[in-house]
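Containing TSV, C-alpha atoms: upload-v8.tsv.
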```tsv
chain	number	residue	atom	x	y	z
A	1	MET	CA	15.48	-145.57	-108.41
A	2	ASP	CA	19.14	-146.34	-109.03
A	3	PHE	CA	18.70	-145.69	-112.77
A	4	PHE	CA	17.61	-142.10	-112.18
A	5	ASN	CA	20.39	-141.58	-109.65
A	6	LYS	CA	22.81	-142.55	-112.42
A	7	THR	CA	21.25	-140.50	-115.21
A	8	GLY	CA	20.38	-137.45	-113.13
A	9	LYS	CA	18.23	-134.69	-114.62
A	10	MET	CA	18.85	-135.94	-118.18
A	11	ALA	CA	16.09	-138.52	-117.67
A	12	LEU	CA	13.52	-136.01	-116.38
A	13	GLY	CA	11.08	-136.86	-119.19
A	14	SER	CA	11.32	-140.59	-118.51
A	15	ARG	CA	10.81	-140.08	-114.79
A	16	LEU	CA	7.77	-137.87	-115.36
A	17	ARG	CA	6.30	-140.46	-117.74
A	18	LEU	CA	6.69	-143.16	-115.09
A	19	LEU	CA	5.03	-140.96	-112.49
A	20	THR	CA	2.23	-140.14	-114.95
A	21	ALA	CA	1.75	-143.85	-115.71
A	22	LYS	CA	1.54	-144.64	-112.01
A	23	VAL	CA	-1.06	-141.92	-111.35
A	24	THR	CA	-3.03	-142.85	-114.49
A	25	GLU	CA	-3.08	-146.53	-113.50
A	26	ASP	CA	-4.51	-145.62	-110.10
A	27	ALA	CA	-6.94	-143.18	-111.72
A	28	ALA	CA	-8.48	-145.98	-113.80
A	29	LYS	CA	-8.98	-148.06	-110.65
A	30	ILE	CA	-10.41	-145.04	-108.78
A	31	TYR	CA	-13.22	-144.79	-111.34
A	32	GLU	CA	-14.00	-148.43	-110.64
A	33	LEU	CA	-14.36	-147.57	-106.94
A	34	TYR	CA	-17.27	-145.32	-107.84
A	35	ASP	CA	-18.78	-147.80	-110.33
A	36	VAL	CA	-18.05	-145.53	-113.28
A	37	ASP	CA	-17.00	-146.95	-116.66
A	38	PHE	CA	-14.63	-144.17	-117.59
A	39	SER	CA	-11.14	-143.68	-119.10
A	40	PRO	CA	-8.84	-141.18	-117.36
A	41	LYS	CA	-7.80	-139.67	-120.70
A	42	TRP	CA	-11.40	-138.52	-121.27
A	43	PHE	CA	-11.43	-136.32	-118.18
A	44	PRO	CA	-10.21	-132.96	-119.63
A	45	VAL	CA	-12.80	-133.08	-122.45
A	46	PHE	CA	-15.53	-134.42	-120.16
A	47	PHE	CA	-14.89	-131.81	-117.46
A	48	THR	CA	-14.89	-128.96	-120.01
A	49	LEU	CA	-18.24	-130.08	-121.45
A	50	SER	CA	-19.72	-130.43	-117.96
A	51	GLU	CA	-18.61	-126.89	-117.10
A	52	ASP	CA	-19.26	-125.04	-120.36
A	53	GLY	CA	-22.05	-127.03	-122.01
A	54	GLU	CA	-22.15	-127.62	-125.75
A	55	MET	CA	-18.95	-126.72	-127.59
A	56	THR	CA	-17.21	-127.29	-130.91
A	57	ILE	CA	-14.20	-129.59	-131.23
A	58	SER	CA	-11.90	-126.63	-131.87
A	59	GLU	CA	-13.21	-124.78	-128.80
A	60	ILE	CA	-12.56	-127.80	-126.61
A	61	ALA	CA	-9.07	-128.29	-128.09
A	62	THR	CA	-8.20	-124.65	-127.40
A	63	GLU	CA	-9.56	-124.83	-123.86
A	64	ILE	CA	-7.59	-127.91	-122.79
A	65	GLY	CA	-4.48	-127.47	-124.97
A	66	HIS	CA	-4.96	-130.65	-127.02
A	67	SER	CA	-4.91	-131.09	-130.78
A	68	GLN	CA	-8.23	-131.26	-132.66
A	69	PRO	CA	-7.58	-134.85	-133.88
A	70	SER	CA	-6.94	-135.92	-130.26
A	71	VAL	CA	-10.18	-134.32	-129.07
A	72	THR	CA	-12.10	-135.82	-132.01
A	73	LYS	CA	-10.86	-139.32	-131.10
A	74	ILE	CA	-11.85	-138.85	-127.44
A	75	ILE	CA	-15.29	-137.56	-128.42
A	76	LYS	CA	-15.86	-140.67	-130.55
A	77	GLU	CA	-14.85	-142.94	-127.68
A	78	MET	CA	-17.10	-141.07	-125.24
A	79	ALA	CA	-19.97	-141.14	-127.73
A	80	ALA	CA	-19.60	-144.93	-128.02
A	81	ALA	CA	-19.86	-145.08	-124.21
A	82	GLY	CA	-23.06	-143.02	-124.37
A	83	LEU	CA	-21.59	-140.02	-122.55
A	84	VAL	CA	-21.70	-137.41	-125.32
A	85	LYS	CA	-23.74	-136.64	-128.38
A	86	ASP	CA	-22.08	-135.06	-131.38
A	87	ASN	CA	-23.13	-133.42	-134.64
A	88	LEU	CA	-25.60	-131.17	-132.81
A	89	GLN	CA	-26.59	-128.27	-134.97
A	90	SER	CA	-25.94	-124.81	-133.55
A	91	ASN	CA	-27.47	-121.57	-134.78
A	92	ASP	CA	-24.62	-121.43	-137.25
A	93	LYS	CA	-25.33	-124.37	-139.57
A	94	ARG	CA	-21.67	-124.67	-140.49
A	95	ARG	CA	-20.59	-125.47	-136.92
A	96	ASN	CA	-21.11	-128.90	-135.40
A	97	VAL	CA	-21.11	-129.00	-131.62
A	98	VAL	CA	-20.95	-131.72	-129.00
A	99	GLY	CA	-22.52	-131.98	-125.57
A	100	LEU	CA	-23.15	-134.40	-122.73
A	101	THR	CA	-26.02	-136.89	-122.92
A	102	GLU	CA	-28.35	-137.45	-119.95
A	103	LYS	CA	-26.11	-140.35	-118.97
A	104	GLY	CA	-23.07	-138.07	-119.29
A	105	ILE	CA	-24.69	-135.50	-116.99
A	106	GLU	CA	-25.39	-138.19	-114.38
A	107	VAL	CA	-21.80	-139.43	-114.57
A	108	ALA	CA	-20.54	-135.84	-114.30
A	109	ASP	CA	-22.49	-135.38	-111.06
A	110	LYS	CA	-20.92	-138.52	-109.63
A	111	ILE	CA	-17.36	-137.79	-110.81
A	112	ILE	CA	-17.14	-134.05	-110.25
A	113	LYS	CA	-19.31	-133.58	-107.17
A	114	VAL	CA	-18.33	-136.73	-105.26
A	115	GLN	CA	-15.23	-138.43	-106.65
A	116	CYS	CA	-13.21	-135.25	-107.25
A	117	GLY	CA	-13.78	-134.15	-103.67
A	118	ASP	CA	-12.27	-137.39	-102.37
A	119	ILE	CA	-9.35	-137.12	-104.79
A	120	ASP	CA	-8.62	-133.52	-103.74
A	121	LEU	CA	-8.44	-134.57	-100.11
A	122	ALA	CA	-6.23	-137.57	-100.94
A	123	ILE	CA	-3.80	-135.39	-102.90
A	124	ASP	CA	-3.81	-132.83	-100.10
A	125	SER	CA	-2.72	-135.60	-97.75
A	126	ILE	CA	0.23	-136.42	-100.03
A	127	ILE	CA	1.18	-132.72	-100.20
A	128	SER	CA	1.08	-132.51	-96.40
A	129	GLU	CA	3.44	-135.48	-96.13
A	130	ALA	CA	5.83	-134.23	-98.81
A	131	THR	CA	8.70	-131.81	-98.35
A	132	HIS	CA	7.89	-130.05	-101.63
A	133	ASN	CA	4.49	-129.09	-103.02
A	134	LEU	CA	4.41	-130.84	-106.41
A	135	TRP	CA	1.20	-129.14	-107.50
A	136	GLU	CA	2.63	-125.66	-107.03
A	137	ALA	CA	5.94	-126.74	-108.56
A	138	ILE	CA	4.17	-128.04	-111.71
A	139	GLU	CA	2.40	-124.70	-112.14
A	140	GLU	CA	5.70	-122.86	-111.75
A	141	TRP	CA	7.49	-125.17	-114.20
A	142	GLU	CA	4.71	-124.75	-116.77
A	143	PHE	CA	5.09	-120.98	-116.53
A	144	LEU	CA	8.88	-121.10	-116.83
A	145	LEU	CA	8.84	-123.53	-119.77
A	146	GLU	CA	6.21	-121.43	-121.53
A	147	ARG	CA	8.51	-118.44	-121.17
A	148	LYS	CA	11.57	-120.36	-122.37
A	149	SER	CA	11.40	-123.98	-123.55
A	150	LEU	CA	13.69	-126.75	-122.37
A	151	LEU	CA	14.99	-127.04	-125.94
A	152	LYS	CA	16.01	-123.39	-126.00
A	153	ARG	CA	17.63	-123.65	-122.57
A	154	VAL	CA	19.69	-126.69	-123.62
A	155	HIS	CA	20.66	-124.91	-126.84
A	156	GLU	CA	21.89	-121.92	-124.82
A	157	GLN	CA	23.96	-124.18	-122.57
A	158	LYS	CA	25.44	-125.92	-125.62
A	159	LYS	CA	26.41	-122.55	-127.14
A	160	LEU	CA	27.91	-121.38	-123.87
A	161	ARG	CA	29.97	-124.57	-123.45
A	162	GLU	CA	31.21	-124.54	-127.04
A	163	SER	CA	31.99	-120.81	-126.88
A	164	LEU	CA	34.57	-121.60	-124.20
A	165	ASP	CA	36.62	-123.28	-126.95
A	166	VAL	CA	36.47	-120.14	-129.14
A	167	GLU	CA	39.56	-117.91	-129.05
A	168	ILE	CA	39.49	-114.38	-130.46
A	169	VAL	CA	42.90	-113.33	-131.80
A	170	ASP	CA	44.35	-110.37	-133.71
A	171	TYR	CA	44.74	-110.71	-137.45
A	172	ASN	CA	48.05	-111.62	-138.97
A	173	PRO	CA	48.87	-112.36	-142.63
A	174	LYS	CA	48.47	-116.13	-142.23
A	175	TYR	CA	44.73	-115.54	-141.79
A	176	GLN	CA	44.29	-113.54	-145.02
A	177	ALA	CA	42.98	-116.54	-146.96
A	178	ALA	CA	40.47	-117.32	-144.19
A	179	PHE	CA	39.40	-113.65	-144.02
A	180	ARG	CA	38.66	-113.67	-147.73
A	181	SER	CA	37.11	-117.13	-148.04
A	182	LEU	CA	34.78	-116.75	-145.05
A	183	ASN	CA	33.47	-113.43	-146.35
A	184	GLU	CA	33.16	-114.70	-149.92
A	185	GLU	CA	31.23	-117.72	-148.63
A	186	TRP	CA	28.51	-115.79	-146.80
A	187	ILE	CA	28.27	-112.93	-149.33
A	188	SER	CA	27.92	-115.35	-152.26
A	189	THR	CA	25.30	-117.37	-150.37
A	190	TYR	CA	22.89	-114.41	-150.20
A	191	PHE	CA	24.20	-111.72	-152.57
A	192	GLU	CA	26.93	-111.00	-155.12
A	193	MET	CA	30.48	-109.87	-154.45
A	194	GLU	CA	30.93	-106.15	-155.17
A	195	ALA	CA	33.92	-103.92	-155.91
A	196	ALA	CA	34.05	-102.60	-152.33
A	197	ASP	CA	34.29	-106.19	-151.07
A	198	TYR	CA	37.33	-107.00	-153.19
A	199	LYS	CA	39.18	-103.88	-151.97
A	200	ALA	CA	38.98	-105.01	-148.36
A	201	LEU	CA	39.39	-108.75	-148.92
A	202	ASP	CA	42.25	-108.66	-151.43
A	203	ASP	CA	44.47	-106.40	-149.32
A	204	PRO	CA	43.20	-106.07	-145.73
A	205	GLU	CA	46.55	-104.69	-144.55
A	206	ALA	CA	46.33	-101.69	-146.88
A	207	TYR	CA	42.56	-101.17	-146.83
A	208	ILE	CA	41.92	-101.73	-143.11
A	209	LEU	CA	44.97	-102.14	-140.89
A	210	SER	CA	47.25	-99.40	-142.25
A	211	LYS	CA	44.42	-96.87	-141.90
A	212	GLY	CA	44.04	-97.48	-138.19
A	213	GLY	CA	41.57	-100.35	-138.23
A	214	LYS	CA	41.66	-103.83	-136.75
A	215	ILE	CA	40.66	-107.34	-137.75
A	216	PHE	CA	39.79	-110.12	-135.32
A	217	VAL	CA	39.79	-113.81	-136.08
A	218	ALA	CA	37.76	-116.41	-134.16
A	219	LEU	CA	39.54	-119.73	-133.76
A	220	TYR	CA	37.66	-122.89	-132.83
A	221	ASN	CA	40.07	-125.61	-131.74
A	222	GLY	CA	42.75	-123.62	-133.56
A	223	GLU	CA	40.86	-123.35	-136.87
A	224	PRO	CA	39.90	-119.85	-138.16
A	225	LEU	CA	36.12	-120.04	-138.57
A	226	GLY	CA	35.03	-116.45	-137.95
A	227	VAL	CA	36.28	-112.95	-138.77
A	228	CYS	CA	35.25	-109.34	-138.22
A	229	ALA	CA	36.83	-105.97	-139.04
A	230	LEU	CA	36.87	-102.54	-137.46
A	231	ILE	CA	37.36	-100.06	-140.31
A	232	LYS	CA	38.47	-96.45	-139.63
A	233	MET	CA	36.02	-93.93	-141.09
A	234	GLU	CA	36.73	-90.37	-142.23
A	235	ASP	CA	33.37	-89.18	-141.00
A	236	PRO	CA	32.23	-86.34	-138.70
A	237	VAL	CA	29.77	-88.64	-136.89
A	238	TYR	CA	31.27	-92.14	-136.84
A	239	ASP	CA	34.78	-93.16	-135.81
A	240	PHE	CA	34.72	-96.75	-137.07
A	241	GLU	CA	32.57	-99.18	-139.05
A	242	MET	CA	32.05	-102.75	-137.88
A	243	ALA	CA	32.21	-104.74	-141.10
A	244	LYS	CA	33.20	-107.98	-142.79
A	245	MET	CA	31.76	-110.18	-140.06
A	246	ALA	CA	31.54	-113.74	-141.32
A	247	VAL	CA	31.19	-117.05	-139.50
A	248	SER	CA	31.50	-120.45	-141.13
A	249	PRO	CA	28.22	-122.45	-141.16
A	250	LYS	CA	29.99	-125.28	-139.35
A	251	ALA	CA	30.76	-122.93	-136.45
A	252	GLN	CA	27.31	-121.42	-136.08
A	253	GLY	CA	25.72	-121.91	-132.69
A	254	LYS	CA	28.99	-121.38	-130.83
A	255	ASN	CA	28.44	-117.69	-129.94
A	256	MET	CA	31.22	-116.77	-132.38
A	257	GLY	CA	29.42	-113.73	-133.82
A	258	TRP	CA	28.69	-112.43	-130.33
A	259	LEU	CA	32.31	-112.87	-129.20
A	260	LEU	CA	33.63	-111.16	-132.34
A	261	GLY	CA	31.19	-108.28	-131.92
A	262	LYS	CA	32.16	-107.78	-128.27
A	263	ALA	CA	35.86	-107.81	-129.22
A	264	ILE	CA	35.24	-105.17	-131.90
A	265	ILE	CA	33.29	-102.94	-129.51
A	266	LEU	CA	35.95	-103.24	-126.80
A	267	ALA	CA	38.72	-102.40	-129.31
A	268	ALA	CA	36.79	-99.36	-130.54
A	269	LYS	CA	36.40	-98.11	-126.97
A	270	ASP	CA	40.11	-98.65	-126.29
A	271	MET	CA	40.91	-96.50	-129.34
A	272	GLY	CA	38.72	-93.68	-128.04
A	273	ALA	CA	35.76	-94.16	-130.38
A	274	SER	CA	32.39	-92.71	-129.41
A	275	LYS	CA	30.19	-94.15	-132.18
A	276	LEU	CA	30.23	-97.29	-134.32
A	277	TYR	CA	28.48	-97.75	-137.66
A	278	LEU	CA	27.46	-100.83	-139.65
A	279	GLU	CA	25.55	-101.80	-142.78
A	280	SER	CA	23.59	-105.00	-143.40
A	281	ASN	CA	20.51	-106.47	-145.02
A	282	THR	CA	17.25	-107.38	-143.27
A	283	ILE	CA	17.10	-110.84	-144.88
A	284	LEU	CA	19.98	-111.74	-142.53
A	285	LYS	CA	17.70	-112.06	-139.52
A	286	PRO	CA	20.18	-113.80	-137.17
A	287	ALA	CA	22.76	-111.08	-137.91
A	288	ILE	CA	20.25	-108.27	-137.32
A	289	ASN	CA	19.21	-109.89	-134.05
A	290	LEU	CA	22.87	-110.10	-133.03
A	291	TYR	CA	23.43	-106.41	-133.78
A	292	HIS	CA	20.41	-105.45	-131.70
A	293	LYS	CA	21.68	-107.67	-128.90
A	294	LEU	CA	25.05	-105.87	-129.08
A	295	GLY	CA	23.20	-102.57	-128.69
A	296	PHE	CA	23.05	-101.24	-132.27
A	297	GLN	CA	20.05	-99.14	-133.31
A	298	LYS	CA	18.67	-98.53	-136.80
A	299	ILE	CA	19.37	-95.22	-138.56
A	300	ILE	CA	18.37	-93.91	-142.00
A	301	GLY	CA	19.62	-91.52	-144.66
A	302	ARG	CA	23.32	-92.36	-145.16
A	303	PRO	CA	24.84	-93.17	-148.58
A	304	THR	CA	26.33	-96.65	-149.06
A	305	PRO	CA	28.67	-98.21	-151.64
A	306	TYR	CA	26.86	-101.57	-151.40
A	307	LYS	CA	23.84	-102.62	-153.46
A	308	ARG	CA	22.93	-105.24	-150.87
A	309	CYS	CA	22.65	-102.77	-147.98
A	310	ASN	CA	19.08	-101.94	-146.91
A	311	ILE	CA	19.66	-101.26	-143.21
A	312	GLN	CA	22.19	-99.07	-141.41
A	313	MET	CA	22.80	-99.09	-137.68
A	314	GLU	CA	24.82	-97.26	-135.04
A	315	LEU	CA	26.09	-97.88	-131.54
A	316	ASP	CA	26.85	-95.19	-128.96
A	317	LEU	CA	29.85	-96.34	-126.98
```
Let me see the structure of the file written as structure tokens.
Amino acid sequence: MDFFNKTGKMALGSRLRLLTAKVTEDAAKIYELYDVDFSPKWFPVFFTLSEDGEMTISEIATEIGHSQPSVTKIIKEMAAAGLVKDNLQSNDKRRNVVGLTEKGIEVADKIIKVQCGDIDLAIDSIISEATHNLWEAIEEWEFLLERKSLLKRVHEQKKLRESLDVEIVDYNPKYQAAFRSLNEEWISTYFEMEAADYKALDDPEAYILSKGGKIFVALYNGEPLGVCALIKMEDPVYDFEMAKMAVSPKAQGKNMGWLLGKAIILAAKDMGASKLYLESNTILKPAINLYHKLGFQKIIGRPTPYKRCNIQMELDL
């Protein structure tokens, strides 16, 4: 169709719905060929009952991947057609089960033993004529989408595209206000500002840069929306601390934290560091996930000047 040639893969859902509608329309007429009064949407529930016998609504829903309300509605429709009986009492009096009626069993014999065989052969003929095996492709797509949804994949592409507009630059005094405000914003959102925060934020040149540290600023379309510092440590184990990472809420989802973290790690390596240290709090789940993604591992037992710190991590460079 010309429409789908214009839209491309963006209209995949619409194209699949049209294909589904076409197959479903034929399916309804196929039942008529075999003199069966049957709705195609009943088939998953009907087939499961014919294979497994009496079952509860929840068991059927789990088996076919439908919601319980959807299965309940189908059962009611099938019961009205005389194909199933519900409210059967099982050994457990609290569980109502459903099963096929004698009429349902007769219809199952006709549909599953005769009609399905003809349908399988008809679909095989389409597969033999086609360049690509749709049946195998559907199974593969289901597996891949179960592993990572289309939503997540689009989100990743959006982040990647937007990250191309992020520029990581060295700190200079014109970014001091942004360095302070961005850190104050995220700290105040979850915690309280502490004395150690003010030392670094009020005078980053004296507290960080003059002692051999670095500060990076993330610009998005020229606007400073993310910051992170590499603070020199007087420590026998750690050379530097990665600290004061803050990203504006309006810039989240643009890979800014990842780009800042990578810049910090690269700078530490260039300055001959062998180990990096950081402190955080486990309520900041996205941040903790980022640190793990950057390669940091949890450690325990070090003193900290921050009340809010409940996790410490290190990175071997």
Item to check | Nearest to Ile168 (chain A), chosen from A:Gln68, A:Asn255, A:Thr282, A:Ser188, with all atoms listed in the file counted in the distances | outcome: A:Asn255
Checklist entry - What is the CA of Leu294 (chain A) to CA of Asp239 (chain A) distance in Å? => result 17.4 Å
Checklist entry - By how many Å are CA of Asp165 (chain A) and CA of Ala218 (chain A) apart? => result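 Here the two named atoms are 10.0 Å from each other.
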Checklist entry - Hey, can you check how far CA of Glu51 (chain A) sits from CA of Tyr34 (chain A)? => result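 Interatomic distance here is 20.7 Å.
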Next on the checklist: Please list as a PyMOL selection string every residue within 12 Å of Leu315 (chain A), counting only C-alpha atoms and excluding residues in the same chain fewer than 3 positions away.
Outcome noted: chain A and resi 237-242+261+264-265+268-269+273-279+291-299+312
For Pro69 (chain A), please output as a short mmCIF file (atom, residue, chain, number, x, y, z; two decimals) with C-alpha atoms, in the frame of the given file all residues within 12 Å (counting only C-alpha atoms; exclusion window: fewer than 6 positions along the same chain).
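The resulting file, out-v5.cif, is reproduced below:
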```
data_model
loop_
_atom_site.label_atom_id
_atom_site.label_comp_id
_atom_site.auth_asym_id
_atom_site.auth_seq_id
_atom_site.Cartn_x
_atom_site.Cartn_y
_atom_site.Cartn_z
CA ILE A 57 -14.20 -129.59 -131.23
CA SER A 58 -11.90 -126.63 -131.87
CA ILE A 60 -12.56 -127.80 -126.61
CA ALA A 61 -9.07 -128.29 -128.09
CA ILE A 75 -15.29 -137.56 -128.42
CA LYS A 76 -15.86 -140.67 -130.55
#
```
Item to check | Nearest to Tyr220 (chain A) by atom-to-atom distance, counting all atoms listed in the file, from A:Val71, A:Val98, A:Leu259, A:Leu145 | outcome: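 Between A:Val71, A:Val98, A:Leu259, A:Leu145, the residue approaching Tyr220 (chain A) most closely is A:Leu259.
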Item to check | Neighbour list for Glu156 (chain A) as a ChimeraX atom specification, cut-off 10 Å, all atoms listed in the file, skip fewer than 4 positions in-chain | outcome: /A:150-152,160-162,253-255
Next on the checklist: Need the shell around region 198-202 of chain A: protein/DNA/RNA residues with any atom at most 8 Å away, counting only C-alpha atoms. Skip same-chain ones fewer than 4 positions apart. Format as an NGL selection string?
Outcome noted: :A and (176 or 179-180 or 183 or 193-194 or 207-208)
Next on the checklist: Which residues are close to Tyr171 (chain A), i.e. within 9 Å by only C-alpha atoms, leaving aside same-chain residues fewer than 5 positions away? Reply as a list in words.
Outcome noted: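 So the residues in contact are Gln176, Phe179, Lys214, Ile215, Phe216, Val217 and Val227 of chain A.
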Next on the checklist: When you count only C-alpha atoms, which of these residues is closest to Tyr190 (chain A): A:Glu63, A:Arg15, A:Asp203, A:Arg308?
Outcome noted: A:Arg308
Next on the checklist: I'd like to know which of A:Ile311, A:Pro44, A:Lys85, A:Pro303 is closest to Lys285 (chain A), using only C-alpha atoms.
Outcome noted: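 Going through A:Ile311, A:Pro44, A:Lys85, A:Pro303 one by one, the smallest distance to Lys285 (chain A) is for A:Ile311.
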Checklist entry - Hey, which of A:Ala246, A:Leu209, A:Cys228, A:Leu290 ends up closest to Ser181 (chain A)? Count only C-alpha atoms. => result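 The shortest atom-to-atom distance to Ser181 (chain A) comes from A:Ala246.
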Checklist entry - With distances taken over all atoms listed in the file, which of A:Thr101, A:Gln115, A:Thr304, A:Ser50 is nearest to Val36 (chain A)? => result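 Closest candidate: A:Gln115.
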